[in-house]
file start.tsv (TSV, C-alpha atoms)
chain	number	residue	atom	x	y	z
N	25	MET	CA	124.29	-27.16	358.85
N	26	PHE	CA	121.57	-25.85	356.56
N	27	ASP	CA	119.08	-23.02	356.50
N	28	SER	CA	115.73	-24.85	356.57
N	29	THR	CA	114.00	-22.07	354.63
N	30	ASN	CA	116.29	-21.89	351.60
N	31	LEU	CA	117.99	-25.31	351.91
N	32	ARG	CA	121.49	-23.95	351.41
N	33	PRO	CA	124.62	-24.00	353.59
N	34	VAL	CA	124.43	-21.22	356.15
N	35	THR	CA	127.94	-20.16	355.10
N	36	ALA	CA	126.78	-19.42	351.56
N	37	ARG	CA	127.03	-15.76	350.56
N	38	PRO	CA	124.94	-15.40	347.39
N	39	LEU	CA	124.73	-11.60	347.58
N	40	ALA	CA	128.51	-11.26	347.86
N	41	LEU	CA	128.94	-13.57	344.87
N	42	ALA	CA	126.36	-11.58	342.89
N	43	ARG	CA	128.22	-8.32	343.52
N	44	TRP	CA	131.49	-9.95	342.51
N	45	LEU	CA	130.00	-11.22	339.24
N	46	PHE	CA	128.51	-7.81	338.44
N	47	ALA	CA	131.99	-6.31	338.92
N	48	VAL	CA	133.53	-8.87	336.55
N	49	ALA	CA	130.74	-8.15	334.04
N	50	ALA	CA	131.67	-4.45	334.17
N	51	ILE	CA	135.28	-5.37	333.33
N	52	VAL	CA	134.07	-7.45	330.37
N	53	ILE	CA	132.06	-4.47	329.09
N	54	LEU	CA	135.20	-2.34	329.32
N	55	ILE	CA	137.17	-5.00	327.42
N	56	VAL	CA	134.55	-4.96	324.64
N	57	ALA	CA	134.84	-1.17	324.38
N	58	VAL	CA	138.64	-1.24	324.24
N	59	GLY	CA	138.36	-4.06	321.71
N	60	GLY	CA	136.42	-1.65	319.53
N	61	ILE	CA	139.22	0.90	319.77
N	62	THR	CA	141.75	-1.82	318.96
N	63	ARG	CA	139.83	-2.81	315.86
N	64	LEU	CA	139.17	0.72	314.62
N	65	THR	CA	142.80	1.79	315.05
N	66	GLU	CA	144.01	-1.38	313.29
N	67	SER	CA	145.95	-2.28	316.44
N	68	GLY	CA	144.99	-5.93	316.75
N	69	LEU	CA	147.99	-7.34	314.88
N	70	SER	CA	150.61	-5.15	316.56
N	71	ILE	CA	151.60	-7.86	319.07
N	72	THR	CA	152.60	-10.88	317.05
N	73	GLU	CA	153.14	-13.38	319.86
N	74	TRP	CA	150.87	-14.83	322.52
N	75	LYS	CA	152.59	-14.70	325.90
N	76	PRO	CA	149.82	-15.05	328.52
N	77	VAL	CA	152.13	-14.29	331.46
N	78	THR	CA	155.25	-12.44	330.32
N	79	GLY	CA	153.26	-10.49	327.73
N	80	ALA	CA	151.75	-8.43	330.55
N	81	ILE	CA	154.99	-6.42	330.63
N	82	PRO	CA	155.36	-4.10	327.61
N	83	PRO	CA	158.74	-3.24	326.02
N	84	LEU	CA	160.69	-1.06	328.45
N	85	THR	CA	163.85	-0.23	326.52
N	86	GLU	CA	164.53	1.10	323.04
N	87	ALA	CA	166.09	-2.23	322.07
N	88	GLN	CA	162.96	-4.11	323.14
N	89	TRP	CA	160.77	-1.71	321.15
N	90	GLN	CA	162.94	-2.20	318.07
N	91	ALA	CA	162.68	-5.99	318.47
N	92	GLU	CA	158.87	-5.85	318.72
N	93	PHE	CA	158.69	-3.53	315.72
N	94	ALA	CA	160.91	-5.92	313.77
N	95	HIS	CA	158.46	-8.78	314.46
N	96	TYR	CA	155.58	-6.62	313.26
N	97	GLN	CA	157.49	-5.66	310.10
N	98	ARG	CA	157.37	-9.29	308.95
N	99	ILE	CA	153.58	-9.58	308.73
N	100	PRO	CA	151.42	-8.65	305.70
N	101	GLN	CA	149.74	-5.71	307.43
N	102	TYR	CA	153.09	-3.96	307.60
N	103	THR	CA	154.65	-5.15	304.33
N	104	GLU	CA	151.54	-4.38	302.27
N	105	VAL	CA	149.91	-1.44	304.08
N	106	ASN	CA	151.71	0.31	306.92
N	107	GLY	CA	155.24	-0.13	305.63
N	108	PRO	CA	154.57	1.48	302.24
N	109	ALA	CA	152.65	4.22	304.11
N	110	GLY	CA	155.83	5.02	306.04
N	111	MET	CA	154.91	3.84	309.54
N	112	THR	CA	157.35	5.10	312.18
N	113	LEU	CA	158.28	3.52	315.50
N	114	ALA	CA	156.18	6.17	317.28
N	115	GLN	CA	153.13	5.19	315.22
N	116	TYR	CA	153.78	1.53	315.97
N	117	LYS	CA	153.93	2.30	319.70
N	118	PHE	CA	150.45	3.84	319.45
N	119	ILE	CA	148.82	0.74	317.99
N	120	TYR	CA	150.84	-1.51	320.30
N	121	PHE	CA	149.48	0.42	323.29
N	122	TRP	CA	145.84	-0.30	322.48
N	123	GLU	CA	146.40	-4.00	321.85
N	124	TRP	CA	148.46	-4.26	325.03
N	125	VAL	CA	145.70	-2.53	327.06
N	126	HIS	CA	143.12	-4.88	325.54
N	127	ARG	CA	145.13	-7.94	326.52
N	128	LEU	CA	145.98	-6.52	329.94
N	129	LEU	CA	142.29	-6.00	330.72
N	130	ALA	CA	141.62	-9.58	329.63
N	131	ARG	CA	144.29	-10.79	332.07
N	132	ILE	CA	142.81	-8.64	334.83
N	133	SER	CA	139.34	-10.05	334.18
N	134	GLY	CA	140.72	-13.58	334.41
N	135	LEU	CA	142.34	-12.87	337.77
N	136	ALA	CA	139.27	-10.95	338.97
N	137	PHE	CA	137.22	-14.07	338.31
N	138	ALA	CA	139.59	-16.91	339.23
N	139	LEU	CA	141.01	-15.60	342.52
N	140	PRO	CA	137.67	-14.70	344.19
N	141	LEU	CA	136.20	-17.95	342.87
N	142	ALA	CA	138.96	-19.89	344.63
N	143	TRP	CA	138.39	-17.82	347.80
N	144	PHE	CA	134.64	-18.42	347.87
N	145	TRP	CA	135.16	-22.10	347.04
N	146	VAL	CA	137.71	-22.76	349.80
N	147	ARG	CA	135.56	-20.94	352.35
N	148	LYS	CA	132.51	-22.98	351.26
N	149	GLN	CA	130.53	-19.84	350.49
N	150	ILE	CA	129.20	-20.92	347.09
N	151	PRO	CA	125.52	-21.95	347.25
N	152	ALA	CA	124.61	-25.49	346.25
N	153	GLY	CA	124.31	-26.01	342.51
N	154	TYR	CA	126.36	-22.98	341.48
N	155	LYS	CA	129.85	-24.47	341.33
N	156	PRO	CA	129.41	-26.08	337.86
N	157	ARG	CA	128.01	-22.82	336.47
N	158	LEU	CA	130.89	-20.77	337.85
N	159	VAL	CA	133.43	-23.25	336.49
N	160	ALA	CA	131.71	-23.02	333.10
N	161	LEU	CA	132.04	-19.23	333.20
N	162	LEU	CA	135.72	-19.59	334.05
N	163	ALA	CA	136.12	-21.96	331.09
N	164	LEU	CA	134.38	-19.43	328.83
N	165	GLY	CA	136.91	-16.83	329.92
N	166	GLY	CA	139.76	-19.15	329.03
N	167	LEU	CA	138.11	-19.95	325.71
N	168	GLN	CA	137.86	-16.22	324.99
N	169	GLY	CA	141.61	-15.85	325.34
N	170	ALA	CA	142.24	-18.80	323.04
N	171	VAL	CA	139.75	-17.52	320.45
N	172	GLY	CA	141.39	-14.10	320.64
N	173	TRP	CA	144.77	-15.52	319.69
N	174	TRP	CA	143.15	-17.74	317.04
N	175	MET	CA	141.66	-14.57	315.58
N	176	VAL	CA	144.97	-12.65	315.66
N	177	SER	CA	146.87	-15.56	314.09
N	178	SER	CA	144.62	-15.35	311.02
N	179	GLY	CA	146.20	-12.00	310.16
N	180	LEU	CA	149.85	-12.82	310.76
N	181	THR	CA	150.76	-14.77	307.63
N	182	GLN	CA	148.44	-14.41	304.64
N	183	ASP	CA	146.20	-11.37	305.09
N	184	VAL	CA	146.44	-7.74	306.15
N	185	LYS	CA	143.54	-8.15	308.57
N	186	VAL	CA	142.04	-10.84	310.76
N	187	SER	CA	139.31	-13.21	309.58
N	188	HIS	CA	135.89	-11.61	309.98
N	189	PHE	CA	134.48	-14.98	311.08
N	190	ARG	CA	137.09	-15.30	313.82
N	191	LEU	CA	136.41	-11.71	314.86
N	192	ALA	CA	132.72	-12.59	315.15
N	193	ALA	CA	133.56	-15.66	317.24
N	194	HIS	CA	135.77	-13.54	319.52
N	195	LEU	CA	133.06	-10.95	320.09
N	196	LEU	CA	130.24	-13.45	320.55
N	197	VAL	CA	132.16	-15.51	323.12
N	198	ALA	CA	132.82	-12.29	325.06
N	199	LEU	CA	129.16	-11.26	324.96
N	200	THR	CA	127.99	-14.79	325.83
N	201	THR	CA	130.29	-14.65	328.85
N	202	LEU	CA	128.83	-11.25	329.74
N	203	GLY	CA	125.29	-12.61	329.51
N	204	GLY	CA	126.23	-15.62	331.64
N	205	LEU	CA	127.80	-13.41	334.30
N	206	VAL	CA	124.77	-11.14	334.50
N	207	TRP	CA	122.24	-13.99	334.54
N	208	THR	CA	124.14	-15.89	337.24
N	209	ALA	CA	124.54	-12.73	339.33
N	210	LEU	CA	120.80	-12.09	339.07
N	211	ASP	CA	120.05	-15.68	340.10
N	212	LEU	CA	122.32	-15.31	343.12
N	213	ARG	CA	120.68	-12.02	344.06
N	214	ALA	CA	117.27	-13.70	343.81
N	215	LEU	CA	118.55	-16.54	346.02
N	216	ALA	CA	119.66	-14.03	348.65
N	217	ARG	CA	116.09	-12.69	348.65
N	218	GLY	CA	114.58	-16.16	348.96
N	219	GLU	CA	113.28	-16.10	345.38
N	220	PRO	CA	113.53	-19.01	342.90
N	221	ARG	CA	115.89	-19.14	339.93
N	222	SER	CA	114.63	-17.63	336.72
N	223	ARG	CA	113.94	-19.65	333.58
N	224	LEU	CA	114.01	-18.72	329.90
N	225	SER	CA	110.63	-18.72	328.20
N	226	ARG	CA	110.18	-19.31	324.48
N	227	PHE	CA	109.69	-15.59	323.97
N	228	THR	CA	112.81	-14.50	325.87
N	229	ALA	CA	114.85	-17.21	324.16
N	230	LEU	CA	113.63	-15.89	320.80
N	231	ALA	CA	114.58	-12.33	321.78
N	232	LEU	CA	118.09	-13.43	322.78
N	233	VAL	CA	118.58	-15.45	319.59
N	234	MET	CA	117.49	-12.49	317.45
N	235	LEU	CA	119.91	-10.25	319.33
N	236	VAL	CA	122.75	-12.76	318.81
N	237	ILE	CA	122.06	-12.73	315.05
N	238	GLN	CA	122.26	-8.94	315.06
N	239	LEU	CA	125.52	-9.02	317.01
N	240	PHE	CA	126.93	-11.59	314.59
N	241	PHE	CA	126.21	-9.38	311.59
N	242	GLY	CA	127.58	-6.41	313.51
N	243	ALA	CA	130.84	-8.30	313.97
N	244	LEU	CA	130.93	-9.23	310.27
N	245	THR	CA	130.29	-5.57	309.43
N	246	ALA	CA	133.25	-4.58	311.58
N	247	GLY	CA	135.54	-7.31	310.28
N	248	LEU	CA	134.88	-6.50	306.62
N	249	ARG	CA	134.88	-2.70	307.17
N	250	ALA	CA	131.37	-2.88	305.72
N	251	GLY	CA	130.32	0.25	307.55
N	252	HIS	CA	132.33	2.26	305.05
N	253	VAL	CA	130.36	1.14	301.98
N	254	ALA	CA	127.63	3.76	302.61
N	255	ASN	CA	127.45	6.92	304.66
N	256	ASP	CA	123.76	7.65	304.10
N	257	TRP	CA	120.69	6.43	306.01
N	258	PRO	CA	118.02	5.09	305.61
N	259	LEU	CA	119.15	4.62	302.00
N	260	MET	CA	122.42	3.03	300.97
N	261	GLN	CA	124.17	4.90	298.14
N	262	GLY	CA	120.85	6.54	297.35
N	263	SER	CA	118.90	3.27	297.11
N	264	LEU	CA	116.99	1.13	299.57
N	265	PHE	CA	118.97	-1.94	298.49
N	266	PRO	CA	122.62	-1.26	297.64
N	267	GLU	CA	124.19	-1.84	294.28
N	268	GLY	CA	127.42	-3.78	294.14
N	269	VAL	CA	126.42	-7.01	295.93
N	270	GLU	CA	128.44	-9.87	294.47
N	271	TRP	CA	126.09	-12.82	293.88
N	272	ALA	CA	128.42	-14.95	291.72
N	273	LEU	CA	129.22	-17.47	294.47
N	274	GLY	CA	125.65	-17.79	295.64
N	275	PRO	CA	123.39	-16.05	298.19
N	276	ILE	CA	124.85	-17.79	301.26
N	277	HIS	CA	128.38	-16.74	300.35
N	278	ALA	CA	127.18	-13.19	299.74
N	279	LEU	CA	125.27	-13.12	303.02
N	280	LEU	CA	128.42	-14.02	304.95
N	281	ASN	CA	131.12	-12.31	302.89
N	282	ASP	CA	129.76	-9.41	300.85
N	283	PRO	CA	130.17	-6.07	302.70
N	284	TYR	CA	127.20	-4.41	300.94
N	285	LEU	CA	124.76	-7.19	301.80
N	286	ILE	CA	126.10	-7.62	305.34
N	287	HIS	CA	125.73	-3.89	306.01
N	288	PHE	CA	122.19	-3.98	304.61
N	289	VAL	CA	121.19	-6.95	306.80
N	290	HIS	CA	122.78	-5.43	309.90
N	291	ARG	CA	120.94	-2.12	309.59
N	292	TRP	CA	117.51	-3.64	308.82
N	293	TRP	CA	117.54	-6.75	311.04
N	294	ALA	CA	118.07	-4.23	313.85
N	295	TRP	CA	114.44	-3.17	313.49
N	296	ALA	CA	113.21	-6.75	313.94
N	297	VAL	CA	115.26	-6.88	317.14
N	298	VAL	CA	113.86	-3.52	318.26
N	299	ALA	CA	110.31	-4.80	317.68
N	300	VAL	CA	110.81	-7.87	319.86
N	301	LEU	CA	112.56	-5.82	322.56
N	302	ILE	CA	109.65	-3.36	322.62
N	303	VAL	CA	107.35	-6.31	323.28
N	304	MET	CA	109.71	-7.49	326.02
N	305	GLY	CA	109.65	-4.02	327.55
N	306	ARG	CA	105.85	-3.95	327.53
N	307	LYS	CA	105.73	-7.38	329.17
N	308	LEU	CA	108.16	-6.22	331.84
N	309	LYS	CA	106.08	-3.13	332.54
N	310	ALA	CA	102.91	-5.21	332.75
N	311	HIS	CA	104.56	-7.38	335.41
N	312	GLY	CA	105.70	-4.37	337.41
N	313	GLN	CA	109.35	-4.73	336.33
N	314	ARG	CA	109.92	-1.05	335.61
N	315	ARG	CA	113.71	-0.86	336.09
N	316	PRO	CA	114.71	-3.55	333.58
N	317	SER	CA	112.12	-2.14	331.15
N	318	ILE	CA	113.70	1.33	331.36
N	319	ALA	CA	117.20	-0.15	331.00
N	320	LEU	CA	116.13	-2.13	327.95
N	321	HIS	CA	114.45	0.80	326.19
N	322	SER	CA	117.36	3.11	326.99
N	323	ALA	CA	119.90	0.61	325.65
N	324	PHE	CA	118.25	-0.24	322.33
N	325	GLY	CA	117.16	3.36	321.72
N	326	THR	CA	120.68	4.66	322.27
N	327	GLN	CA	122.13	1.86	320.17
N	328	VAL	CA	119.92	2.64	317.18
N	329	ILE	CA	120.75	6.34	317.34
N	330	LEU	CA	124.48	5.61	317.63
N	331	GLY	CA	124.31	3.20	314.69
N	332	ILE	CA	122.71	5.82	312.44
N	333	PHE	CA	125.11	8.57	313.49
N	334	THR	CA	128.08	6.23	313.08
N	335	VAL	CA	127.08	5.64	309.46
N	336	TRP	CA	126.43	9.33	308.82
N	337	SER	CA	129.83	10.24	310.28
N	338	GLY	CA	131.73	7.92	307.94
N	339	ILE	CA	132.57	5.69	310.94
N	340	ALA	CA	133.98	8.26	313.34
N	341	LEU	CA	136.07	6.42	315.90
N	342	TRP	CA	134.37	7.69	319.05
N	343	LEU	CA	130.88	7.00	317.68
N	344	ALA	CA	131.83	3.51	316.51
N	345	VAL	CA	133.38	2.69	319.89
N	346	ALA	CA	130.27	4.02	321.67
N	347	HIS	CA	128.15	1.83	319.37
N	348	GLN	CA	130.14	-1.25	320.42
N	349	LEU	CA	130.04	-0.27	324.10
N	350	VAL	CA	126.26	0.21	324.07
N	351	GLY	CA	125.95	-3.09	322.21
N	352	ALA	CA	127.49	-4.78	325.25
N	353	LEU	CA	125.19	-2.82	327.57
N	354	LEU	CA	122.24	-3.94	325.43
N	355	VAL	CA	123.26	-7.57	325.99
N	356	ALA	CA	123.31	-6.94	329.74
N	357	ALA	CA	119.95	-5.13	329.65
N	358	THR	CA	118.30	-7.83	327.54
N	359	THR	CA	119.64	-10.50	329.87
N	360	TRP	CA	118.22	-8.55	332.81
N	361	GLY	CA	114.86	-8.25	331.09
N	362	ALA	CA	114.76	-11.94	330.14
N	363	HIS	CA	115.69	-12.91	333.68
N	364	ALA	CA	113.05	-10.62	335.19
N	365	LEU	CA	110.35	-12.09	332.94
N	366	GLY	CA	111.50	-15.61	333.74
N	367	GLY	CA	110.96	-14.94	337.43
N	368	CYS	CA	107.45	-13.49	337.00
N	369	LYS	CA	104.39	-15.51	337.80
N	370	ALA	CA	101.93	-15.91	334.93
call {"tool": "encode", "arguments": {"input": "start.tsv", "output": "structure tokens"}}
result
Amino acid sequence: MFDSTNLRPVTARPLALARWLFAVAAIVILIVAVGGITRLTESGLSITEWKPVTGAIPPLTEAQWQAEFAHYQRIPQYTEVNGPAGMTLAQYKFIYFWEWVHRLLARISGLAFALPLAWFWVRKQIPAGYKPRLVALLALGGLQGAVGWWMVSSGLTQDVKVSHFRLAAHLLVALTTLGGLVWTALDLRALARGEPRSRLSRFTALALVMLVIQLFFGALTAGLRAGHVANDWPLMQGSLFPEGVEWALGPIHALLNDPYLIHFVHRWWAWAVVAVLIVMGRKLKAHGQRRPSIALHSAFGTQVILGIFTVWSGIALWLAVAHQLVGALLVAATTWGAHALGGCKA
């Protein structure tokens, strides 16, 4: 039996699904924030094995802690950095805690998505056309876990830190998943109101692509510890363009691997993103979409301020984590703004 107005099964519950997806998106934002803590405390390599199920239980006895510490003592981060610095078991437990929390939240997000999805599916409450999209989001979540281990594995044998490219992939998959969750939730909410699905315009697609580029360079900045190369702003080491960029292997190599150049690009490309988001905000306001416009302006304004203060502080942990958290909120706000514009009549 179908609702003749909206042409969907009468058992469909789009508003319930939208609320569920917003809740999962909130968990993903929390994961991104804890991921920032994990990175800044150098905790990411503390768990040297990938155990998707049994790994949810941390060491409970002294013998188990000693065994985990012994595994960690075999990797370059310990033998070349933390071992010579005199790391104790208590210090190891601290970094283990943050990586364990990060992975635990990832497991919780997987269950928070998969179990309700199965429930809605069995009860035939998913509106027509949404099953493939929800399965794709579930697959993205699984991919995120695999990319996370792929990233960690890059630091277990030959380097004291993970690959900055793999770190970027890990972050971008998470934020793509976040954007997909928010967009799908907004579509479902629109369906519950009898409104059509939104569509990306050329302008909103451009805004999202520019934001992705900024997030990519932000991830490279984090992976290469490029934030530490300068603690002044707007200048870098007293100059507009920093000294010390290594050009010997060519401009493309420098753009992707040199911490000075990556930091420079990340801080100044931000203003191109701000410009396009200001235009998006004005378009939203012109179409009467005040709430997403306020969310967008609040997010990018806060993010810029946090970025500057993070640099000035010499990368203080709480500021850097806040910068990463607001980056995730900016993705959600930009997605909301793009969706709102896509649903507006010309």
call {"tool": "residues_around", "arguments": {"input": "start.tsv", "residues": "stretch 250-263 of chain N", "least_positions_apart": "6", "cutoff": "6 Å", "atoms": "all atoms listed in the file", "output": "PyMOL selection string"}}
result
chain N and resi 283+287+335-336+338
call {"tool": "atom_distance", "arguments": {"input": "start.tsv", "atom1": "atom CA of N:Phe288", "atom2": "atom CA of N:Leu202"}}
result
27.0 Å
call {"tool": "residues_around", "arguments": {"input": "start.tsv", "residues": "N:Thr78", "least_positions_apart": "5", "cutoff": "12 Å", "atoms": "all atoms listed in the file", "output": "list in words"}}
result
Glu73, Pro83, Trp124, Arg127, Leu128 and Arg131 of chain N
call {"tool": "atom_distance", "arguments": {"input": "start.tsv", "atom1": "atom CA of N:Ser133", "atom2": "atom CA of N:Leu161"}}
result
11.8 Å
call {"tool": "closest_residue", "arguments": {"input": "start.tsv", "among": "N:Leu232, N:Leu365, N:Leu224, N:Ala91", "to": "N:Leu199", "atoms": "only C-alpha atoms"}}
result
N:Leu232
call {"tool": "closest_residue", "arguments": {"input": "start.tsv", "among": "N:Arg147, N:Lys185, N:His95, N:His126", "to": "N:Thr62", "atoms": "only C-alpha atoms"}}
result
N:His126
call {"tool": "residues_around", "arguments": {"input": "start.tsv", "residues": "N:Leu353", "least_positions_apart": "3", "cutoff": "12 Å", "atoms": "all atoms listed in the file", "output": "count of residues only"}}
result
31
call {"tool": "closest_residue", "arguments": {"input": "start.tsv", "among": "N:Ser187, N:Thr208, N:Thr72, N:Thr228", "to": "N:Arg43", "atoms": "all atoms listed in the file"}}
result
N:Thr208
call {"tool": "closest_residue", "arguments": {"input": "start.tsv", "among": "N:Trp207, N:Phe46, N:Trp173, N:Trp89", "to": "N:Gly68", "atoms": "all atoms listed in the file"}}
result
N:Trp173
call {"tool": "closest_residue", "arguments": {"input": "start.tsv", "among": "N:Leu341, N:Ile132, N:Leu195, N:Val159", "to": "N:Trp145", "atoms": "only C-alpha atoms"}}
result
N:Val159
call {"tool": "residues_around", "arguments": {"input": "start.tsv", "residues": "N:Arg63", "least_positions_apart": "3", "cutoff": "12 Å", "atoms": "all atoms listed in the file", "output": "ChimeraX atom specification"}}
result
/N:56-60,66-70,119-120,122-123,126,175-176,185-186,188,191,195,243,245-249,341,344-345,348
call {"tool": "build_atoms", "arguments": {"input": "start.tsv", "residues": "stretch 39-55 of chain N", "atoms": "N, CA, C and O atoms", "output": "tab-separated table (two decimals), in the coordinates of the input"}}
result
chain	number	residue	atom	x	y	z
N	39	LEU	N	124.71	-13.02	347.93
N	39	LEU	CA	124.73	-11.60	347.58
N	39	LEU	C	126.16	-11.13	347.31
N	39	LEU	O	126.40	-10.34	346.39
N	40	ALA	N	127.10	-11.61	348.09
N	40	ALA	CA	128.51	-11.26	347.86
N	40	ALA	C	128.98	-11.79	346.51
N	40	ALA	O	129.69	-11.10	345.76
N	41	LEU	N	128.58	-13.01	346.17
N	41	LEU	CA	128.94	-13.57	344.87
N	41	LEU	C	128.30	-12.78	343.74
N	41	LEU	O	128.93	-12.55	342.70
N	42	ALA	N	127.05	-12.35	343.93
N	42	ALA	CA	126.36	-11.58	342.89
N	42	ALA	C	127.10	-10.27	342.64
N	42	ALA	O	127.33	-9.89	341.47
N	43	ARG	N	127.49	-9.58	343.68
N	43	ARG	CA	128.22	-8.32	343.52
N	43	ARG	C	129.55	-8.53	342.81
N	43	ARG	O	129.96	-7.72	341.97
N	44	TRP	N	130.23	-9.61	343.17
N	44	TRP	CA	131.49	-9.95	342.51
N	44	TRP	C	131.28	-10.19	341.02
N	44	TRP	O	132.02	-9.65	340.18
N	45	LEU	N	130.25	-10.93	340.65
N	45	LEU	CA	130.00	-11.22	339.24
N	45	LEU	C	129.59	-9.97	338.47
N	45	LEU	O	129.97	-9.80	337.30
N	46	PHE	N	128.85	-9.08	339.10
N	46	PHE	CA	128.51	-7.81	338.44
N	46	PHE	C	129.78	-7.00	338.17
N	46	PHE	O	129.91	-6.34	337.13
N	47	ALA	N	130.72	-7.03	339.11
N	47	ALA	CA	131.99	-6.31	338.92
N	47	ALA	C	132.79	-6.90	337.76
N	47	ALA	O	133.35	-6.17	336.93
N	48	VAL	N	132.82	-8.23	337.66
N	48	VAL	CA	133.53	-8.87	336.55
N	48	VAL	C	132.83	-8.54	335.23
N	48	VAL	O	133.49	-8.29	334.21
N	49	ALA	N	131.49	-8.51	335.24
N	49	ALA	CA	130.74	-8.15	334.04
N	49	ALA	C	131.10	-6.74	333.58
N	49	ALA	O	131.22	-6.48	332.38
N	50	ALA	N	131.29	-5.82	334.53
N	50	ALA	CA	131.67	-4.45	334.17
N	50	ALA	C	133.04	-4.43	333.49
N	50	ALA	O	133.27	-3.68	332.54
N	51	ILE	N	133.96	-5.28	333.96
N	51	ILE	CA	135.28	-5.37	333.33
N	51	ILE	C	135.14	-5.90	331.91
N	51	ILE	O	135.80	-5.41	330.98
N	52	VAL	N	134.28	-6.90	331.71
N	52	VAL	CA	134.07	-7.45	330.37
N	52	VAL	C	133.52	-6.38	329.43
N	52	VAL	O	133.94	-6.29	328.27
N	53	ILE	N	132.60	-5.56	329.91
N	53	ILE	CA	132.06	-4.47	329.09
N	53	ILE	C	133.17	-3.52	328.69
N	53	ILE	O	133.25	-3.06	327.53
N	54	LEU	N	134.06	-3.20	329.62
N	54	LEU	CA	135.20	-2.34	329.32
N	54	LEU	C	136.11	-2.98	328.28
N	54	LEU	O	136.60	-2.30	327.35
N	55	ILE	N	136.33	-4.27	328.39
N	55	ILE	CA	137.17	-5.00	327.42
N	55	ILE	C	136.56	-4.90	326.02
N	55	ILE	O	137.27	-4.69	325.03
